[in-house]
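Enquirer: Just so it is clear, I am handing over model-v9.txt, which has compact mmCIF, C-alpha atoms.
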# COMPACT_ATOMS: atom_id res chain seq x y z
CA MET A 1 -11.37 14.94 11.50
CA GLU A 2 -13.65 15.28 8.49
CA ARG A 3 -14.10 12.05 6.54
CA ARG A 4 -15.75 11.31 3.20
CA ASP A 5 -16.40 7.95 1.51
CA ASP A 6 -17.34 7.60 -2.13
CA THR A 7 -17.60 5.04 -4.91
CA LEU A 8 -16.03 6.02 -8.23
CA PRO A 9 -16.37 4.14 -11.55
CA LEU A 10 -12.86 3.79 -12.98
CA GLN A 11 -11.36 1.41 -15.51
CA GLY A 12 -14.58 -0.63 -15.68
CA LEU A 13 -14.67 -1.24 -11.91
CA ASN A 14 -16.23 0.57 -8.95
CA PHE A 15 -13.56 1.86 -6.54
CA HIS A 16 -14.15 2.68 -2.88
CA VAL A 17 -12.34 5.92 -2.00
CA THR A 18 -11.91 7.43 1.46
CA GLU A 19 -10.80 11.00 2.13
CA TRP A 20 -9.82 12.67 5.39
CA GLY A 21 -9.35 16.37 6.02
CA ASP A 22 -10.13 19.67 4.36
CA PRO A 23 -10.97 19.23 0.65
CA GLY A 24 -8.99 22.42 -0.02
CA ALA A 25 -5.80 21.23 1.69
CA ARG A 26 -2.76 19.85 -0.12
CA PRO A 27 -3.68 16.38 -1.47
CA ILE A 28 -1.73 13.22 -0.73
CA VAL A 29 -2.79 9.86 -2.16
CA MET A 30 -1.95 6.67 -0.23
CA MET A 31 -1.72 3.15 -1.68
CA HIS A 32 -1.88 0.01 0.47
CA GLY A 33 -0.15 -3.37 0.14
CA ILE A 34 -1.12 -6.63 -1.50
CA ARG A 35 -3.82 -7.64 1.01
CA GLY A 36 -4.42 -4.14 2.36
CA TYR A 37 -7.21 -1.58 2.30
CA ALA A 38 -7.64 2.19 2.45
CA GLU A 39 -8.53 2.25 6.15
CA THR A 40 -5.02 1.12 7.08
CA PHE A 41 -3.93 4.75 6.64
CA ALA A 42 -6.50 6.28 9.03
CA GLY A 43 -3.85 6.89 11.69
CA VAL A 44 -1.46 8.49 9.22
CA ALA A 45 -4.28 10.68 7.93
CA ALA A 46 -5.03 11.90 11.45
CA ALA A 47 -1.38 12.74 12.04
CA LEU A 48 -1.28 14.90 8.90
CA GLN A 49 -4.19 17.11 9.89
CA PRO A 50 -5.06 19.89 9.32
CA ASP A 51 -2.63 20.51 6.47
CA PHE A 52 -3.40 17.61 4.15
CA ARG A 53 -6.31 16.19 2.23
CA VAL A 54 -5.57 12.47 2.53
CA ILE A 55 -7.00 10.25 -0.20
CA ALA A 56 -6.81 6.46 0.04
CA PHE A 57 -8.62 3.84 -1.98
CA ASP A 58 -9.21 0.10 -1.90
CA GLN A 59 -7.22 -1.10 -4.90
CA ARG A 60 -8.87 -3.45 -7.36
CA GLY A 61 -9.90 -6.75 -5.78
CA ARG A 62 -9.73 -5.43 -2.21
CA GLY A 63 -12.08 -4.05 0.41
CA GLN A 64 -15.20 -2.45 -1.00
CA THR A 65 -13.76 -2.09 -4.50
CA ASP A 66 -14.92 -4.49 -7.21
CA TRP A 67 -13.00 -7.68 -7.87
CA ASP A 68 -11.57 -8.00 -11.37
CA PRO A 69 -13.19 -11.01 -13.11
CA ALA A 70 -10.17 -11.20 -15.43
CA TRP A 71 -7.72 -11.35 -12.47
CA ASN A 72 -5.88 -8.35 -13.86
CA TYR A 73 -3.81 -7.82 -10.71
CA TYR A 74 -0.57 -6.44 -12.11
CA THR A 75 1.44 -3.26 -11.65
CA ASP A 76 0.40 -1.75 -14.97
CA ALA A 77 -3.28 -2.15 -14.05
CA TYR A 78 -2.80 -0.66 -10.57
CA VAL A 79 -0.88 2.30 -12.02
CA ALA A 80 -3.60 2.87 -14.62
CA ASP A 81 -6.18 2.82 -11.80
CA LEU A 82 -4.23 5.48 -9.91
CA ALA A 83 -3.92 7.60 -13.04
CA ALA A 84 -7.68 7.36 -13.62
CA LEU A 85 -8.41 8.25 -9.98
CA VAL A 86 -6.26 11.38 -9.83
CA ASP A 87 -7.58 12.54 -13.19
CA HIS A 88 -11.16 12.00 -11.99
CA LEU A 89 -10.40 14.04 -8.87
CA HIS A 90 -8.67 16.76 -10.98
CA LEU A 91 -5.45 16.60 -8.96
CA ALA A 92 -2.99 18.63 -11.00
CA GLN A 93 -0.22 17.83 -8.50
CA PHE A 94 -0.28 15.73 -5.35
CA ASP A 95 1.98 13.92 -2.93
CA LEU A 96 2.03 10.12 -3.01
CA LEU A 97 2.69 7.44 -0.38
CA GLY A 98 2.76 3.72 -1.01
CA HIS A 99 3.34 0.67 1.19
CA SER A 100 4.77 -2.59 -0.19
CA MET A 101 2.79 -3.35 -3.38
CA GLY A 102 1.43 0.18 -3.15
CA GLY A 103 5.01 1.41 -2.99
CA ILE A 104 5.81 -0.41 -6.22
CA ASN A 105 2.77 1.17 -7.86
CA ALA A 106 3.70 4.60 -6.52
CA LEU A 107 7.28 4.35 -7.81
CA VAL A 108 6.15 3.40 -11.30
CA TYR A 109 3.47 6.10 -11.44
CA ALA A 110 5.89 8.82 -10.27
CA ALA A 111 8.45 7.74 -12.85
CA GLU A 112 5.87 7.78 -15.64
CA HIS A 113 4.33 11.13 -14.64
CA PRO A 114 7.17 13.54 -13.83
CA GLY A 115 5.86 16.81 -12.49
CA ARG A 116 2.56 15.31 -11.35
CA VAL A 117 3.87 13.97 -8.02
CA GLY A 118 5.14 16.67 -5.70
CA ARG A 119 6.73 14.40 -3.10
CA LEU A 120 6.95 10.64 -2.84
CA VAL A 121 7.11 8.39 0.24
CA ILE A 122 7.90 4.70 -0.24
CA GLU A 123 7.23 2.45 2.76
CA ASP A 124 9.28 -0.76 2.67
CA ALA A 125 9.37 -1.43 -1.07
CA GLY A 126 12.01 -1.36 -3.77
CA PRO A 127 13.86 -3.32 -6.47
CA GLY A 128 14.37 -6.96 -5.56
CA ALA A 129 12.12 -6.96 -2.50
CA PHE A 130 9.13 -8.27 -4.47
CA ASP A 131 11.18 -11.07 -6.04
CA THR A 132 14.06 -12.34 -3.96
CA SER A 133 13.67 -11.23 -0.34
CA ALA A 134 12.77 -13.49 2.55
CA GLY A 135 9.63 -11.39 2.87
CA ALA A 136 8.64 -12.20 -0.71
CA VAL A 137 9.05 -15.91 0.05
CA ARG A 138 6.95 -15.46 3.18
CA ILE A 139 4.18 -13.66 1.30
CA ARG A 140 4.05 -16.32 -1.41
CA LYS A 141 3.84 -19.03 1.25
CA GLU A 142 1.07 -17.17 3.06
CA LEU A 143 -0.92 -16.76 -0.14
CA ALA A 144 -0.52 -20.44 -0.98
CA THR A 145 -1.61 -21.65 2.47
CA THR A 146 -4.28 -19.10 3.47
CA PRO A 147 -7.69 -20.76 4.03
CA SER A 148 -10.52 -19.45 1.88
CA GLU A 149 -12.80 -19.16 4.92
CA PHE A 150 -13.04 -19.73 8.68
CA GLU A 151 -15.71 -21.29 10.84
CA SER A 152 -15.55 -18.43 13.35
CA TRP A 153 -14.18 -14.94 13.87
CA GLU A 154 -11.99 -16.31 16.65
CA LEU A 155 -10.29 -18.78 14.31
CA ALA A 156 -9.66 -15.98 11.82
CA ALA A 157 -8.16 -13.87 14.61
CA ASP A 158 -5.90 -16.76 15.64
CA PHE A 159 -4.74 -17.11 12.02
CA MET A 160 -3.98 -13.40 11.72
CA ARG A 161 -2.19 -13.39 15.08
CA ALA A 162 0.09 -16.17 13.90
CA LEU A 163 0.87 -14.27 10.69
CA ARG A 164 1.45 -10.89 12.35
CA PRO A 165 2.64 -11.54 15.93
CA THR A 166 4.22 -8.09 16.28
CA VAL A 167 1.12 -6.13 15.26
CA SER A 168 -0.91 -4.69 18.14
CA GLU A 169 -4.29 -6.20 18.98
CA ALA A 170 -5.98 -2.94 17.97
CA ALA A 171 -4.31 -2.96 14.55
CA ARG A 172 -5.07 -6.66 14.14
CA HIS A 173 -8.74 -6.07 14.97
CA GLN A 174 -8.90 -3.28 12.39
CA ARG A 175 -7.39 -5.60 9.80
CA LEU A 176 -9.97 -8.29 10.49
CA GLN A 177 -12.81 -5.80 10.29
CA GLN A 178 -11.60 -4.57 6.91
CA MET A 179 -10.50 -7.92 5.49
CA LEU A 180 -13.34 -10.28 6.48
CA LYS A 181 -17.02 -10.60 5.60
CA GLN A 182 -19.60 -13.12 6.75
CA THR A 183 -21.08 -15.68 4.37
CA PRO A 184 -24.79 -16.57 4.31
CA GLN A 185 -23.81 -19.78 6.12
CA GLY A 186 -22.33 -17.80 9.01
CA ARG A 187 -18.70 -18.49 8.20
CA TRP A 188 -16.09 -15.80 7.59
CA THR A 189 -14.31 -15.26 4.28
CA TRP A 190 -11.96 -12.69 2.80
CA ARG A 191 -13.16 -9.35 1.50
CA TYR A 192 -10.33 -9.41 -1.04
CA ASP A 193 -10.09 -11.61 -4.15
CA HIS A 194 -7.81 -14.22 -2.61
CA ALA A 195 -7.97 -16.65 -5.54
CA GLY A 196 -7.15 -14.06 -8.20
CA ILE A 197 -4.53 -12.19 -6.21
CA ALA A 198 -2.81 -15.42 -5.15
CA ALA A 199 -2.81 -16.75 -8.72
CA THR A 200 -1.14 -13.67 -10.20
CA ARG A 201 1.38 -13.51 -7.36
CA LEU A 202 2.29 -17.21 -7.36
CA ASP A 203 2.25 -17.76 -11.12
CA PRO A 204 2.58 -14.33 -12.76
CA ASP A 205 2.74 -13.52 -16.43
CA PRO A 206 6.51 -12.91 -16.89
CA ALA A 207 5.81 -10.20 -19.46
CA ARG A 208 4.03 -8.13 -16.83
CA VAL A 209 6.55 -8.43 -14.01
CA VAL A 210 8.11 -5.00 -13.48
CA ASP A 211 11.80 -4.18 -13.12
CA LEU A 212 11.75 -1.25 -10.71
CA ARG A 213 15.30 -0.08 -11.32
CA PRO A 214 14.49 2.10 -14.36
CA SER A 215 11.62 3.65 -12.40
CA VAL A 216 13.91 4.46 -9.47
CA GLN A 217 16.37 6.09 -11.86
CA ALA A 218 13.61 8.15 -13.48
CA ILE A 219 12.18 9.63 -10.28
CA GLN A 220 12.53 13.42 -10.31
CA CYS A 221 10.50 14.49 -7.27
CA PRO A 222 11.76 14.60 -3.66
CA THR A 223 11.52 11.01 -2.44
CA LEU A 224 11.84 9.34 0.95
CA VAL A 225 12.28 5.57 1.32
CA ILE A 226 11.35 4.26 4.77
CA ARG A 227 12.58 0.81 5.80
CA GLY A 228 11.51 -1.15 8.86
CA GLY A 229 14.55 -2.10 10.91
CA ARG A 230 13.25 -5.66 11.30
CA SER A 231 11.76 -5.94 7.82
CA ASP A 232 12.27 -9.22 5.99
CA TYR A 233 11.16 -7.56 2.74
CA LEU A 234 13.17 -4.45 1.86
CA GLN A 235 16.78 -5.21 2.77
CA PRO A 236 19.47 -2.58 3.57
CA GLU A 237 21.44 -3.44 0.45
CA MET A 238 18.31 -2.83 -1.62
CA VAL A 239 17.98 0.65 -0.16
CA SER A 240 21.64 1.28 -0.94
CA GLU A 241 21.02 0.17 -4.53
CA MET A 242 18.09 2.56 -4.83
CA ARG A 243 20.29 5.43 -3.67
CA ARG A 244 23.03 4.38 -6.09
CA LEU A 245 20.51 4.39 -8.93
CA ASN A 246 19.16 7.78 -7.87
CA PRO A 247 21.43 9.72 -5.47
CA SER A 248 18.72 12.32 -4.82
CA LEU A 249 16.61 9.77 -2.93
CA GLN A 250 16.54 10.09 0.85
CA ALA A 251 16.26 7.01 3.06
CA THR A 252 15.64 6.30 6.72
CA GLU A 253 15.17 3.22 8.87
CA ILE A 254 12.72 2.93 11.76
CA ALA A 255 13.92 0.62 14.52
CA ASN A 256 11.75 -2.16 15.95
CA ALA A 257 9.47 -2.15 12.93
CA GLY A 258 8.83 -4.96 10.48
CA HIS A 259 7.32 -4.72 7.03
CA TYR A 260 4.20 -2.95 8.34
CA ILE A 261 5.97 0.11 9.69
CA HIS A 262 2.83 2.27 9.98
CA ASP A 263 1.37 -0.41 12.29
CA ASP A 264 4.48 -1.50 14.22
CA GLN A 265 5.79 1.99 15.00
CA ALA A 266 2.87 4.23 14.14
CA GLU A 267 3.94 7.31 16.10
CA ARG A 268 7.48 7.32 14.74
CA PHE A 269 6.32 6.56 11.19
CA ASN A 270 3.81 9.41 11.27
CA GLN A 271 6.47 11.76 12.63
CA VAL A 272 8.96 10.85 9.88
CA VAL A 273 6.35 11.26 7.15
CA TRP A 274 5.16 14.59 8.58
CA GLN A 275 8.70 15.94 8.84
CA PHE A 276 9.52 14.99 5.26
CA LEU A 277 6.34 16.42 3.79
CA SER A 278 6.56 19.61 5.86
CA ARG A 279 10.23 20.19 5.06
CA GLN A 280 9.51 20.08 1.35
CA LEU A 281 6.54 22.46 1.42
What is this structure when it is put down as structure tokens?
Expert:
Amino acid sequence: MERRDDTLPLQGLNFHVTEWGDPGARPIVMMHGIRGYAETFAGVAAALQPDFRVIAFDQRGRGQTDWDPAWNYYTDAYVADLAALVDHLHLAQFDLLGHSMGGINALVYAAEHPGRVGRLVIEDAGPGAFDTSAGAVRIRKELATTPSEFESWELAADFMRALRPTVSEAARHQRLQQMLKQTPQGRWTWRYDHAGIAATRLDPDPARVVDLRPSVQAIQCPTLVIRGGRSDYLQPEMVSEMRRLNPSLQATEIANAGHYIHDDQAERFNQVVWQFLSRQL
């Protein structure tokens, strides 16, 4: 599978962008979650070959993308970053997939740019999940209690294993490789801006907290919401509310998957995404 990595200057920051597949194939942009990274979608990208040009990027403050010194880690900033990226790449129309925080960003972008997004896939995100779900409480607790660094790789692995007991060792190893970097003192610290991201998540500016319900109502493109059957984040009643707000939305649930569906049930997730995207071609 052909792969390309690039650094693009957007919105005053340098963004790391990864592409898989034929540059002439139908483009789909993928957006990761709050502590995620572009590489998390490598398996999905492989499953969509050879028909798709998969584009994923480390969102601001994550991976190999610059950290924002102003801690501007809010939905409006992420959506503006996506808009700048697709304009830079001259994508007149593209499909869009977002997980968790990336799903929030994808929903808002699609609502604000009708006609630009051909098809939309939302992985375990929706109104209320960010604010009131047990998963939101869990994420806030994790951000508040996450150490800034570890004495060894093994201790970092133990920490990640405790946080994500259902994730496979291979997926956990990939996460650590993408999320950690070594300090000059030989310790291991996060590759994402933990202090800034935690601050804006734990004590956000109320004026910049997004109500997703108007965005759900405004979506005009074919949309699939995928929920993990064991997810503590997007609850069944939230999916029902999304479909009430916009009856054209499709929804499915993948059994034995938590919030990280593309990790927990990779084969089934890839199959569902492929079937949706192919059916709408």
Enquirer: Ranking A:Arg175, A:His99, A:Arg208, A:Arg60 by minimum distance to Leu120 (chain A) and counting only C-alpha atoms, which one comes first?
Expert: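 Ranking A:Arg175, A:His99, A:Arg208, A:Arg60 by distance to Leu120 (chain A), first place goes to A:His99.
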Enquirer: To one decimal in Å, tell me the separation between CA of Asp211 (chain A) and CA of Glu237 (chain A).
Expert: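 CA of Glu237 (chain A) lies 16.7 Å from CA of Asp211 (chain A).
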Enquirer: Could you tell me how far CA of Phe159 (chain A) lies from CA of His262 (chain A), in Å and to one decimal?
Expert: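 Result for CA of Phe159 (chain A) versus CA of His262 (chain A): 20.9 Å, one decimal.
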Enquirer: Any idea what's packed within 9 Å of region 271-279 of chain A, counting only C-alpha atoms, ignoring anything in its chain fewer than 2 positions away? Could you give it as a list of chain:residue names?
Expert: A:Val44, A:Ala47, A:Leu48, A:Asp95, A:Arg119, A:Leu120, A:Val121, A:Thr223, A:Leu224, A:Ile226, A:Thr252, A:Ile254, A:Ala266, A:Glu267, A:Arg268, A:Phe269, A:Leu281
Enquirer: Just checking: using only C-alpha atoms, which residue out of A:Pro222, A:Met160, A:Arg172, A:Ala25 ends up closest to Ser248 (chain A)?
Expert: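 That would be A:Pro222, the residue with the smallest distance to Ser248 (chain A).
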Enquirer: Just give me the gap between CA of Arg35 (chain A) and CA of Asp66 (chain A) in Å, one decimal is fine.
Expert: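 Going from CA of Arg35 (chain A) over to CA of Asp66 (chain A) covers 14.2 Å.
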Enquirer: Mind running region 40-101 of chain A against region 7-18 of chain A at 10 Å and telling me each contacting residue's nearest atom pair with the distance in Å (one decimal), counting only C-alpha atoms, chain and number ascending, as CSV?
Expert:
residue,atom,partner,partner_atom,distance
A:Phe41,CA,A:Thr18,CA,9.9
A:Ala42,CA,A:Thr18,CA,9.4
A:Val54,CA,A:Thr18,CA,8.2
A:Ile55,CA,A:Thr18,CA,5.9
A:Ala56,CA,A:Thr18,CA,5.4
A:Phe57,CA,A:Val17,CA,4.3
A:Asp58,CA,A:His16,CA,5.7
A:Gln59,CA,A:Phe15,CA,7.2
A:Arg60,CA,A:Phe15,CA,7.1
A:Gly61,CA,A:Phe15,CA,9.4
A:Arg62,CA,A:His16,CA,9.3
A:Gly63,CA,A:His16,CA,7.8
A:Gln64,CA,A:His16,CA,5.6
A:Thr65,CA,A:Phe15,CA,4.5
A:Asp66,CA,A:Asn14,CA,5.5
A:Trp67,CA,A:Leu13,CA,7.8
A:Asp68,CA,A:Leu13,CA,7.5
A:Pro69,CA,A:Leu13,CA,10.0
A:Ala77,CA,A:Gln11,CA,8.9
A:Ala80,CA,A:Gln11,CA,7.9
A:Asp81,CA,A:Gln11,CA,6.5
A:Leu82,CA,A:Leu10,CA,9.3
A:Ala83,CA,A:Leu10,CA,9.7
A:Ala84,CA,A:Leu10,CA,6.3
A:Leu85,CA,A:Leu10,CA,7.0
A:His88,CA,A:Leu10,CA,8.4
A:Leu89,CA,A:Leu8,CA,9.8
Enquirer: Which residues are near Pro214 (chain A)? Cut-off 12 Å, all atoms listed in the file, ignore same chain within fewer than 3 positions. Put them as a list in words.
Expert: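 Within the cut-off, the hits are Leu107, Val108, Ala110, Ala111, Glu112, Gly126, Pro127, Val210, Asp211, Gln217, Ala218, Ile219, Glu241, Met242, Leu245 and Asn246 of chain A.
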Enquirer: How about saving the chosen residues, C-alpha atoms kept, as a tab-separated table (two decimals), keeping the file's coordinate frame?
Expert:
chain	number	residue	atom	x	y	z
A	107	LEU	CA	7.28	4.35	-7.81
A	108	VAL	CA	6.15	3.40	-11.30
A	110	ALA	CA	5.89	8.82	-10.27
A	111	ALA	CA	8.45	7.74	-12.85
A	112	GLU	CA	5.87	7.78	-15.64
A	126	GLY	CA	12.01	-1.36	-3.77
A	127	PRO	CA	13.86	-3.32	-6.47
A	210	VAL	CA	8.11	-5.00	-13.48
A	211	ASP	CA	11.80	-4.18	-13.12
A	217	GLN	CA	16.37	6.09	-11.86
A	218	ALA	CA	13.61	8.15	-13.48
A	219	ILE	CA	12.18	9.63	-10.28
A	241	GLU	CA	21.02	0.17	-4.53
A	242	MET	CA	18.09	2.56	-4.83
A	245	LEU	CA	20.51	4.39	-8.93
A	246	ASN	CA	19.16	7.78	-7.87
Enquirer: Considering all atoms listed in the file, can you say which of A:Arg116, A:His173, A:Arg161, A:His259 comes closest to Ser133 (chain A)?
Expert: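 Using all atoms listed in the file, the shortest distance to Ser133 (chain A) belongs to A:His259.
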Enquirer: Closest to Gly43 (chain A) among A:Gln174, A:Gln235, A:Ser148, A:Gln185, using all atoms listed in the file?
Expert: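 Counting all atoms listed in the file, the residue closest to Gly43 (chain A) is A:Gln174.
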Enquirer: Given all atoms listed in the file as the basis, pick out the residue of A:Tyr233, A:Trp20, A:Phe94, A:Trp190 nearest to Ala156 (chain A).
Expert: A:Trp190
Enquirer: From the options A:Gln265, A:Ser215, A:Thr145, A:Thr200, which residue's atoms come nearest to Ala70 (chain A), counting all atoms listed in the file?
Expert: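 That would be A:Thr200, the residue with the smallest distance to Ala70 (chain A).
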Enquirer: Could you make a table, as a tab-separated table, of the residues of region 1-37 of chain A that have an atom within 12 Å of an atom of region 176-179 of chain A, each with its nearest atom pair and distance in Å to one decimal, counting only C-alpha atoms, in chain and number order?
Expert:
residue	atom	partner	partner_atom	distance
A:Ile34	CA	A:Met179	CA	11.8
A:Arg35	CA	A:Met179	CA	8.0
A:Gly36	CA	A:Met179	CA	7.8
A:Tyr37	CA	A:Gln178	CA	7.0
Enquirer: Given the point (-1.0, 19.2, -9.5) in the coordinates of this file, which residues lie within 10 Å, counting all atoms listed in the file, and how would they look as a PyMOL selection string?
Expert: chain A and resi 26-27+86+90-95+115-118
Enquirer: With 6 Å of padding per side, what axis-aligned box (centre and edge lengths, Å, one decimal) covers all the listed atoms of region 224-238 of chain A? Give it as JSON.
Expert:
{"center_x": 16.3, "center_y": 0.1, "center_z": 4.8, "size_x": 22.3, "size_y": 30.6, "size_z": 24.9}
